[in-house]
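**Q** One structure is given below, represented as structure tokens, and several questions about it will come after.
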Amino acid sequence: MIFKGCGTALVTPFTDTGAVHFEKFEELIDFQIENGVHALVVCGSTGESSTLTDDEKLELLSVAQSRANKRAKILLGTGSNSTEQAAHLTKAAAARGADGVMIVTPYYNKTTQAGLIAHYDYISSRADIPIIVYNVPARTGLNITPETNRELAKNPNVVATKEASGNIVQIMETAQLCGDSLDIYAGNDDYVLPVMAAGGIGVISTAANIIPKDICEMTNKYLSGEHAQALKLQLKMMALIRVLFCEVNPIPVKEAMNLLGMSVGGYRLPLVGIGTKNRELLIAEMRLYGLEV
């Protein structure tokens, strides 16, 4: 088990010139840990990994490790649609002492279910580090079946899955087939409790960039058996979560962070700023939630 509870898929802050803002990144790490987050995922989808160079990713990993100073687990997103590239970055993350990696399924070229097993086995054979498999069909066009998860879980380095398929029945089937051999994290903020009710042990969250304390409280309460209180928190945040995904992630959440004075900057193309109407909706929901905008 890498962590239990709330992990945050961190945004990557940029300067006005589009460079990675490492000092701001350190501030974000402090904010997350001070609010109880158990793990930080660096350079995932929310971190705009597809427009970061390998050197930037590895430097962000090093900065996160140094700033966290063992106060939270640090994981690096090392996925690619090139198996060789993913293996290279995963090996580099292992050499730098990352607590684990998150590897999204191949995208665009995709593959078969047999190809998925070969992909993760190849990466694992070249880097001895805990792997979280990331299943997000809406982004990749590729779904991991429960039967494939069962095969992947036979690999001792494949310890967990981040499930963002949106298919709760499939997630339950994975839990049934894999049991204790594969930890399950919710990959979408709007169904954390259903996933945990199916045997999941937490979430890798986008919303935690702005409400880490609340996401942590929700997962902690569920894990401690306070299910009714956890449900109340999940229901409270549903409208906010919905608007945080009104445009492609991380456009709305970075806008929300800037509205809160966190100054994380803009985006790298092809991502652009949020539309005027959606910005108004975002502000309205943030205020309804109780955030000071």
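Chain identifiers are assigned as A, B, and so on, following the order in which chains appear in the structure tokens; residues are numbered from 1 within each chain, and ligands are numbered from 1 in order of appearance.
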Extract, using only C-alpha atoms, all DNA, RNA and protein residues at most 12 Å from range 240-250 of chain A, discarding same-chain residues fewer than 6 positions from it, and format them as a ChimeraX atom specification.
**A** /A:9-13,43-49,138-139,188-192,205-211,215,233-234,256-257,264-268,270-291
**Q** Based on the backbone DSSP call, show me all residues of range 5-112 of chain A assigned alpha helix (DSSP H), as a ChimeraX atom specification.
**A** /A:22-34,54-68,83-95
**Q** When distances are computed from only C-alpha atoms, which of A:Ala68, A:Ala239, A:Val37, A:Val136 shows the smallest separation from Lys4 in chain A?
**A**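 Of A:Ala68, A:Ala239, A:Val37, A:Val136, the one nearest Lys4 in chain A, counting only C-alpha atoms, is A:Val37.
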**Q** What does the distance between CA of Ala186 in chain A and CA of Ile168 in chain A come to in Å, to one decimal place?
**A** 9.9 Å
**Q** Nearest to Gln32 in chain A among A:Val104, A:Cys216, A:Leu269, A:Leu116, with distances taken over only C-alpha atoms: which residue is it?
**A** A:Cys216
**Q** Please list as a PyMOL selection string every residue within 10 Å of Phe31 in chain A, counting only C-alpha atoms and excluding residues in the same chain fewer than 4 positions away.
**A** chain A and resi 25-27+35-37+209-210+212-213
**Q** Which residues come within 10 Å of Asn157 in chain A, counting only C-alpha atoms, excluding same-chain residues fewer than 3 positions away, as number ranges by chain?
**A** A: 100, 120-121, 123-125, 127-132, 152-154, 160
**Q** Excluding Gly141 in chain A and any residue of its chain fewer than 6 positions from it, enumerate the residues within 9 Å of it, using only C-alpha atoms, and give them as number ranges by chain.
**A** A: 106-108, 110
**Q** Rounded to one decimal, what separation in Å do you get between CA of Val20 in chain A and CA of Glu56 in chain A?
**A**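 Calculated distance between CA of Val20 in chain A and CA of Glu56 in chain A is 7.7 Å.
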**Q** Counting only C-alpha atoms, which of A:Leu40, A:Gly187, A:Pro194, A:Glu217 gets nearest to Val101 in chain A?
**A**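 Comparing A:Leu40, A:Gly187, A:Pro194, A:Glu217 against Val101 in chain A, the winner is A:Leu40.
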